[in-house]
Every structure is written in structure tokens, then in C-alpha cells.
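Notes to accompany the following structure.
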Amino acid sequence: MRTAFLPALIHVLAFSAFAASYCNPRDLVGVYGFQLAGETSISGEAKPAASVGRVAFDEDGGVNGTSSVKFAGLLLGNPVSGTYEAHRDCTVSWSLEDDSGAYQHFSGVATPGGRRVSFRQTDPGGVQDGLLVRTGTEECRTSDLKEEYAFTLSGDMIPMTEGSARSAVSVKGVMAQDSHHDFHLTVEGKTPYTTDVAIGVESDCTVTMELAFPMADDNSPVPINVRGVLVDRGREILAIQTDPGAVVSARFTVPGKPGSPGSN
């Protein structure tokens with residue numbers, strides 16, 4: 001009994017491992033939001049960079065969309081287009097060309113069904129921490145926003161004037177709707193800080209936010225602008241701060257959803 005059971009167990013485990021890594025390449029077809037953040041040394045000296053955007057993978061191996069990039073504190077925005085390859089082992093690779101003619105190359109691993117892809121930029125010195133998430137809907141509306149999100153903001157403030165120092169940003173908390181469907185954001189800390197949020201959602205799932213954080217030396221509120229993409233049927237927002245000098249990425253996730261702040 002024991003001898004017969006062991007080969008059967010090995011067969012089951014081997015089959016499970018194979019099944020877990022199988023993807024249908026056609027499952028990647030659709031519209032996604034993406035976020036990419038980290039250090040890049042493509043231009044020589046290592047500098048922080050953060051980008052967010054929206055791309056669509058078609059049935060013929062083509063990809064197109066838009067990308068907003070914060071590099072060295074400056075915001076750059078471009079339409080992008082290119083090609084992709086998706087494989088049965090769940091690996092995905094794609095290349096994008098912006099309107100200046102510059103190419104970037106990416107590679108990642110999709111979850112079965114193609115809902116999420118963890119990826120990195122494969123160009124030498126490219127940014128390594130990327131996430132691609134299906135929007136889950138053809139068009140987005142403000143009503144797609146959920147009642148509550150846990151959020152994190154992290155990155156760097158790059159000096160835009162001589163004599164200023166680079167500083168790190170690390171903030172987390174909760175953004176929630178009140179009974180009038182207005183959003184308020186509460187920052188965690190010894191003294192929690194709550195601020196109103198003006199939020200807009202465009203039909204292409206682009207999200208814009210305006211709010212204020214007590215980030216100045218005297219703890220006075222500083223206006224902050226955020227741009228992102230609504231994904232996973234409104235359960236998540238991938239975003240970056242667009243203000244000059246900020247290279248800060250942000251993620252808003254329904255509490256309890258895997259990957260949200262405080263979830264297991």
C-alpha cells in the first residue's frame with residue numbers, strides 16, 4: 001500500500017505543479033492598468049522613477065495605450081504602441097515605442113486567466129517592480145469606485161531647486177466615502193490627519209485626485225495631485241503623484257483584498 005501510494009502522490013503533485021503554471025495566451029487579450037516603480041540607471045546615474053498607464057493587448061499580438069512617467073522629478077507623458085508575446089507557461093514579454101521613437105522592453109509572469117502580471121523592465125538598468133492589472137470593464141464611471149480603500153504612498157521628493165535635499169515619502173491610511181458619496185482620506189500616525197479628496201474618473205478608467213497632506217516642515221497641508229488607473233472592476237487604483245519633484249507611487253486597494261495594506 002505504501003509503495004503504491006508514493007508514485008501516485010508524486011504524479012498528483014507533478015500534475016498540480018504543471019496545472020498551476022499553465023496559461024492560455026488568449027486570456028491576456030484586454031485592457032490593463034499598470035504601475036512601475038523603482039530605481040533606473042538607463043541614463044547613467046541611478047535615479048528613482050515611477051510610471052502609470054493604460055494599455056490594451058489585442059488578438060493579433062499588438063499593444064497600445066498611454067504612459068505617464070515621473071523621472072528625476074519631471075512628468076513625461078506619451079502614447080505608446082508595440083507588440084507582445086504570451087506563452088502557455090504564463091510568461092509574457094512586450095516592447096513599447098513612444099512618440100519620440102524610443103523603445104522599452106518588459107517581461108513578466110501572468111496569473112492563470114491573465115488578470116494580473118508581475119513584470120520588470122528588461123532594458124539594462126531598467127525599473128524592476130511592475131504590476132499590470134486588468135481593468136475588468138470596457139468603460140469606467142465614478143460609480144465604479146468602492147466605499148473604502150486602504151492606501152500607501154511611497155517614493156522620493158527630488159529637489160527641483162539648488163540647496164534642497166532629497167527626502168523619502170512613506171504614508172499609509174484609509175480613503176472612504178461618507179453618506180454623501182464624498183471621499184475623505186485619513187493618514188495613519190500618532191495624530192491621524194483627515195483631508196477631503198476631489199476625485200474624478202474618466203471613461204478610459206483614468207483617475208485623478210486632488211488633496212492635501214501635512215508634509216511641510218511646519219506640518220501645514222501641502223496640495224497633492226495624483227493620477228492613476230482604476231483596475232479590477234474598481235477594487236484597486238494604481239497611481240503616481242504628478243507634482244514637480246515627486247517620484248511617488250500610490251496604491252489604493254479594497255481592504256482585505258490580497259496585496260492591500262494590512263492584509264495577509
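Note on naming: chains are A, B, ... as they come in the C-alpha cells, residues start from 1 per chain, ligands start from 1 in the order shown.
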task: For region 201-203 of chain A, work out the shell of residues within 12 Å, counting only C-alpha atoms and skipping chain neighbours fewer than 3 positions away, then give it as a list in words.
output: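 In the requested form, the answer reads Thr135, Thr137, Glu138, Glu139, Cys140, Arg141, Thr142, Ser143, Asp144, Leu145, Ala198, Thr206, Val207, Thr208, Met209, Arg227, Gly228, Val229, Leu230, Val231, Gly234 and Ile237 of chain A.
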- request: Excluding Gly30 (chain A) and residues on its chain fewer than 2 positions from it, collect all residues at most 9 Å away from it, counting only C-alpha atoms, and give them as a PyMOL selection string.
  value: chain A and resi 27-28+32+55-59+134-136+138
With C-alpha atoms retained, write the just-selected residues as a short mmCIF file (atom, residue, chain, number, x, y, z; two decimals), in the first residue's frame.
```cif
data_model
loop_
_atom_site.label_atom_id
_atom_site.label_comp_id
_atom_site.auth_asym_id
_atom_site.auth_seq_id
_atom_site.Cartn_x
_atom_site.Cartn_y
_atom_site.Cartn_z
CA ASP A 27 -6.52 35.19 -21.90
CA LEU A 28 -4.18 38.19 -21.97
CA TYR A 32 -4.98 46.78 -18.30
CA VAL A 55 -2.52 49.52 -22.28
CA ALA A 56 -4.65 47.22 -24.42
CA PHE A 57 -3.44 43.84 -25.72
CA ASP A 58 -5.24 42.82 -28.93
CA GLU A 59 -5.80 39.40 -30.51
CA ARG A 134 -6.91 44.04 -15.94
CA THR A 135 -9.44 46.88 -15.70
CA GLY A 136 -12.30 44.36 -15.86
CA GLU A 138 -14.75 48.39 -21.11
#
```
- request: Fewer than 5 positions away in the same chain doesn't count, so skip those; otherwise give me all residues within 8 Å of Arg166 (chain A), counting only C-alpha atoms, as a ChimeraX atom specification.
  value: /A:156-159
Restricting the output to C-alpha atoms, write the selected residues as a tab-separated table (two decimals), in the first residue's frame.
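Output (selection.tsv):
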```tsv
chain	number	residue	atom	x	y	z
A	156	ASP	CA	11.05	60.24	-3.03
A	157	MET	CA	10.82	64.01	-3.27
A	158	ILE	CA	13.55	65.17	-5.66
A	159	PRO	CA	14.95	68.70	-5.14
```
Please identify which residues in region 117-250 of chain A DSSP calls strand (DSSP E) from the backbone, and express them as a short mmCIF file (atom, residue, chain, number, x, y, z; two decimals) with N, CA and C atoms, in the first residue's frame.
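selection-v2.cif written:
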```cif
data_model
loop_
_atom_site.label_atom_id
_atom_site.label_comp_id
_atom_site.auth_asym_id
_atom_site.auth_seq_id
_atom_site.Cartn_x
_atom_site.Cartn_y
_atom_site.Cartn_z
N VAL A 117 -0.33 40.62 -13.94
CA VAL A 117 1.00 40.26 -14.41
C VAL A 117 2.03 41.01 -13.56
N SER A 118 2.92 40.29 -12.90
CA SER A 118 4.07 40.91 -12.23
C SER A 118 5.19 41.00 -13.25
N PHE A 119 5.78 42.18 -13.44
CA PHE A 119 6.75 42.33 -14.51
C PHE A 119 7.88 43.27 -14.13
N ARG A 120 8.89 43.34 -15.02
CA ARG A 120 10.02 44.23 -14.86
C ARG A 120 10.44 44.75 -16.22
N GLN A 121 11.16 45.85 -16.23
CA GLN A 121 11.73 46.35 -17.46
C GLN A 121 13.04 45.63 -17.71
N ASP A 129 10.18 46.75 -10.45
CA ASP A 129 8.97 46.43 -9.70
C ASP A 129 7.73 46.92 -10.45
N GLY A 130 7.11 46.03 -11.23
CA GLY A 130 5.95 46.42 -12.03
C GLY A 130 4.76 45.52 -11.79
N LEU A 131 3.56 46.09 -11.97
CA LEU A 131 2.31 45.35 -11.82
C LEU A 131 1.34 45.79 -12.90
N LEU A 132 0.76 44.81 -13.58
CA LEU A 132 -0.21 45.02 -14.64
C LEU A 132 -1.50 44.34 -14.19
N VAL A 133 -2.63 45.07 -14.16
CA VAL A 133 -3.89 44.52 -13.67
C VAL A 133 -5.00 44.83 -14.67
N ARG A 134 -5.81 43.84 -15.00
CA ARG A 134 -6.91 44.04 -15.94
C ARG A 134 -7.94 45.02 -15.36
N GLU A 148 -14.54 52.07 0.30
CA GLU A 148 -13.34 52.25 1.13
C GLU A 148 -12.12 51.61 0.48
N TYR A 149 -10.98 52.30 0.61
CA TYR A 149 -9.71 51.78 0.13
C TYR A 149 -8.64 51.96 1.21
N ALA A 150 -7.81 50.95 1.39
CA ALA A 150 -6.56 51.14 2.13
C ALA A 150 -5.54 51.66 1.12
N PHE A 151 -4.66 52.56 1.54
CA PHE A 151 -3.72 53.12 0.58
C PHE A 151 -2.32 53.22 1.16
N THR A 152 -1.35 53.23 0.24
CA THR A 152 0.04 53.53 0.57
C THR A 152 0.58 54.50 -0.47
N LEU A 153 1.42 55.42 -0.02
CA LEU A 153 2.20 56.27 -0.90
C LEU A 153 3.66 56.09 -0.50
N SER A 154 4.53 55.85 -1.46
CA SER A 154 5.94 55.68 -1.14
C SER A 154 6.79 56.13 -2.32
N GLY A 155 7.95 56.68 -1.99
CA GLY A 155 8.86 57.15 -3.02
C GLY A 155 9.77 58.24 -2.50
N ASP A 156 10.10 59.19 -3.37
CA ASP A 156 11.05 60.24 -3.03
C ASP A 156 10.58 61.59 -3.54
N MET A 157 10.97 62.65 -2.80
CA MET A 157 10.82 64.01 -3.27
C MET A 157 12.19 64.46 -3.75
N SER A 167 14.22 63.76 -0.12
CA SER A 167 13.61 63.20 1.08
C SER A 167 12.69 62.04 0.69
N ALA A 168 12.56 61.10 1.61
CA ALA A 168 11.73 59.92 1.37
C ALA A 168 10.29 60.19 1.79
N VAL A 169 9.36 59.55 1.09
CA VAL A 169 7.93 59.65 1.40
C VAL A 169 7.40 58.25 1.71
N SER A 170 6.72 58.11 2.83
CA SER A 170 6.11 56.83 3.20
C SER A 170 4.86 57.13 4.02
N VAL A 171 3.71 56.96 3.42
CA VAL A 171 2.43 57.30 4.05
C VAL A 171 1.45 56.18 3.80
N LYS A 172 0.62 55.88 4.80
CA LYS A 172 -0.45 54.91 4.59
C LYS A 172 -1.67 55.31 5.40
N GLY A 173 -2.81 54.77 5.02
CA GLY A 173 -4.05 55.11 5.72
C GLY A 173 -5.25 54.55 4.99
N VAL A 174 -6.36 55.27 5.07
CA VAL A 174 -7.63 54.82 4.51
C VAL A 174 -8.31 55.96 3.78
N MET A 175 -8.89 55.68 2.61
CA MET A 175 -9.74 56.64 1.90
C MET A 175 -11.14 56.05 1.82
N ALA A 176 -12.15 56.80 2.28
CA ALA A 176 -13.50 56.26 2.35
C ALA A 176 -14.54 57.30 1.97
N GLN A 177 -15.69 56.81 1.50
CA GLN A 177 -16.82 57.68 1.16
C GLN A 177 -17.68 57.92 2.39
N PHE A 183 -15.42 61.66 -0.82
CA PHE A 183 -14.29 60.91 -0.29
C PHE A 183 -13.47 61.74 0.70
N HIS A 184 -13.00 61.06 1.76
CA HIS A 184 -12.10 61.65 2.74
C HIS A 184 -10.95 60.68 2.97
N LEU A 185 -9.76 61.21 3.10
CA LEU A 185 -8.58 60.38 3.28
C LEU A 185 -7.99 60.63 4.66
N THR A 186 -7.74 59.54 5.40
CA THR A 186 -7.17 59.63 6.74
C THR A 186 -5.79 58.99 6.76
N VAL A 187 -4.79 59.79 7.15
CA VAL A 187 -3.41 59.32 7.22
C VAL A 187 -3.15 58.73 8.59
N TYR A 193 -4.58 62.30 10.54
CA TYR A 193 -4.92 63.51 9.79
C TYR A 193 -5.91 63.14 8.69
N THR A 194 -7.05 63.86 8.62
CA THR A 194 -8.07 63.59 7.63
C THR A 194 -8.23 64.79 6.70
N THR A 195 -8.33 64.51 5.41
CA THR A 195 -8.47 65.57 4.41
C THR A 195 -9.49 65.17 3.36
N ASP A 196 -10.14 66.16 2.76
CA ASP A 196 -11.09 65.90 1.68
C ASP A 196 -10.33 65.52 0.41
N VAL A 197 -10.98 64.71 -0.43
CA VAL A 197 -10.38 64.29 -1.70
C VAL A 197 -11.34 64.62 -2.83
N ALA A 198 -10.87 65.40 -3.80
CA ALA A 198 -11.62 65.62 -5.03
C ALA A 198 -11.16 64.56 -6.02
N ILE A 199 -12.06 63.69 -6.44
CA ILE A 199 -11.68 62.55 -7.27
C ILE A 199 -12.55 62.50 -8.52
N GLY A 200 -11.91 62.22 -9.65
CA GLY A 200 -12.62 62.10 -10.91
C GLY A 200 -12.24 60.83 -11.63
N VAL A 201 -13.19 60.23 -12.33
CA VAL A 201 -12.96 59.01 -13.09
C VAL A 201 -13.40 59.25 -14.53
N THR A 206 -9.02 56.32 -16.34
CA THR A 206 -8.06 57.22 -15.71
C THR A 206 -8.70 57.87 -14.49
N VAL A 207 -7.94 57.94 -13.40
CA VAL A 207 -8.40 58.54 -12.15
C VAL A 207 -7.51 59.73 -11.80
N THR A 208 -8.12 60.84 -11.40
CA THR A 208 -7.37 61.99 -10.89
C THR A 208 -7.85 62.32 -9.49
N MET A 209 -6.91 62.73 -8.63
CA MET A 209 -7.23 63.10 -7.25
C MET A 209 -6.52 64.39 -6.88
N GLU A 210 -7.20 65.21 -6.12
CA GLU A 210 -6.61 66.40 -5.53
C GLU A 210 -6.88 66.37 -4.03
N LEU A 211 -5.84 66.55 -3.22
CA LEU A 211 -5.96 66.52 -1.77
C LEU A 211 -4.81 67.30 -1.17
N ALA A 212 -4.69 67.27 0.15
CA ALA A 212 -3.60 67.98 0.82
C ALA A 212 -3.11 67.14 1.99
N PHE A 213 -1.77 67.02 2.10
CA PHE A 213 -1.13 66.29 3.19
C PHE A 213 -0.29 67.24 4.03
N VAL A 222 0.01 70.43 2.37
CA VAL A 222 0.62 70.68 1.06
C VAL A 222 -0.28 70.07 -0.01
N PRO A 223 -0.71 70.85 -1.03
CA PRO A 223 -1.55 70.29 -2.10
C PRO A 223 -0.83 69.16 -2.84
N ILE A 224 -1.57 68.11 -3.12
CA ILE A 224 -1.02 66.94 -3.81
C ILE A 224 -1.96 66.54 -4.94
N ASN A 225 -1.37 66.23 -6.08
CA ASN A 225 -2.14 65.76 -7.23
C ASN A 225 -1.70 64.34 -7.60
N VAL A 226 -2.67 63.50 -7.85
CA VAL A 226 -2.42 62.09 -8.12
C VAL A 226 -3.12 61.71 -9.42
N ARG A 227 -2.44 60.88 -10.22
CA ARG A 227 -3.03 60.36 -11.45
C ARG A 227 -2.87 58.84 -11.44
N GLY A 228 -3.93 58.13 -11.80
CA GLY A 228 -3.85 56.68 -11.77
C GLY A 228 -4.83 56.01 -12.72
N VAL A 229 -4.97 54.70 -12.53
CA VAL A 229 -5.87 53.89 -13.35
C VAL A 229 -6.70 53.00 -12.44
N LEU A 230 -8.01 52.99 -12.68
CA LEU A 230 -8.93 52.14 -11.92
C LEU A 230 -8.92 50.74 -12.54
N VAL A 231 -8.62 49.72 -11.73
CA VAL A 231 -8.48 48.35 -12.25
C VAL A 231 -9.29 47.38 -11.39
N GLU A 236 -9.22 48.42 -7.13
CA GLU A 236 -7.84 48.85 -6.94
C GLU A 236 -7.56 50.07 -7.83
N ILE A 237 -6.72 50.97 -7.34
CA ILE A 237 -6.25 52.11 -8.12
C ILE A 237 -4.73 52.10 -8.08
N LEU A 238 -4.10 52.05 -9.25
CA LEU A 238 -2.64 52.15 -9.37
C LEU A 238 -2.33 53.58 -9.79
N ALA A 239 -1.42 54.27 -9.08
CA ALA A 239 -1.27 55.71 -9.32
C ALA A 239 0.13 56.20 -9.03
N ILE A 240 0.39 57.45 -9.46
CA ILE A 240 1.61 58.18 -9.12
C ILE A 240 1.23 59.61 -8.76
N GLN A 241 2.09 60.26 -7.97
CA GLN A 241 1.92 61.68 -7.69
C GLN A 241 2.52 62.46 -8.85
N ALA A 246 8.10 65.18 -7.20
CA ALA A 246 7.64 63.94 -6.59
C ALA A 246 7.88 62.76 -7.50
N VAL A 247 8.55 61.74 -7.00
CA VAL A 247 8.63 60.44 -7.68
C VAL A 247 8.03 59.44 -6.70
N VAL A 248 6.71 59.48 -6.60
CA VAL A 248 5.97 58.77 -5.57
C VAL A 248 4.90 57.92 -6.22
N SER A 249 4.87 56.63 -5.89
CA SER A 249 3.83 55.74 -6.38
C SER A 249 2.78 55.55 -5.29
N ALA A 250 1.56 55.28 -5.70
CA ALA A 250 0.46 55.11 -4.76
C ALA A 250 -0.38 53.92 -5.18
#
```
query: CA of Gly108 (chain A) and CA of Leu76 (chain A), how far apart in Å?
result: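 So the answer is 23.8 Å.
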- request: Just the residues within 12 Å of Leu96 (chain A), please, counting only C-alpha atoms, with nothing from its chain fewer than 6 positions along; format it as number ranges by chain.
  value: A: 55-57, 62-67, 78-84, 102-107, 121-123
task: Skip Cys23 (chain A) itself and residues of its chain fewer than 2 positions away, then list as a PyMOL selection string all residues within 7 Å of it, counting only C-alpha atoms.
output: chain A and resi 21+25+88-90+112-113
Restrict the selected residues to N, CA and C atoms and save them as a CSV table (one decimal), in the first residue's frame.
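Output below, filename out.csv:
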```
chain,number,residue,atom,x,y,z
A,21,SER,N,1.0,26.3,-13.6
A,21,SER,CA,1.8,27.2,-14.4
A,21,SER,C,1.3,27.3,-15.8
A,25,PRO,N,-2.7,31.7,-23.8
A,25,PRO,CA,-2.2,33.0,-24.3
A,25,PRO,C,-3.3,34.0,-24.6
A,88,ARG,N,2.3,29.7,-22.9
A,88,ARG,CA,1.5,28.7,-22.1
A,88,ARG,C,2.1,28.5,-20.7
A,89,ASP,N,3.3,28.9,-20.5
A,89,ASP,CA,3.9,28.8,-19.2
A,89,ASP,C,3.7,30.0,-18.4
A,90,CYS,N,2.8,30.9,-18.9
A,90,CYS,CA,2.4,32.1,-18.2
A,90,CYS,C,3.4,33.3,-18.3
A,112,PRO,N,-2.9,32.6,-13.9
A,112,PRO,CA,-3.8,31.9,-14.8
A,112,PRO,C,-5.1,32.7,-15.0
A,113,GLY,N,-5.5,32.9,-16.2
A,113,GLY,CA,-6.7,33.7,-16.5
A,113,GLY,C,-6.3,35.1,-17.0
```
query: So what do you get for CA of Leu36 (chain A) versus CA of Ser51 (chain A), distance-wise?
result: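 About the pair CA of Leu36 (chain A) and CA of Ser51 (chain A): they are 5.2 Å apart.
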message: Give me the residues near Ala72 (chain A) as a PyMOL selection string, where near means some atom within 7 Å (using only C-alpha atoms) and where sequence neighbours in that chain fewer than 6 positions away do not count.
response: chain A and resi 47-49+158
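Taking CA of Ala50 (chain A) and CA of Lys70 (chain A) as endpoints, the distance between them is 5.2 Å.
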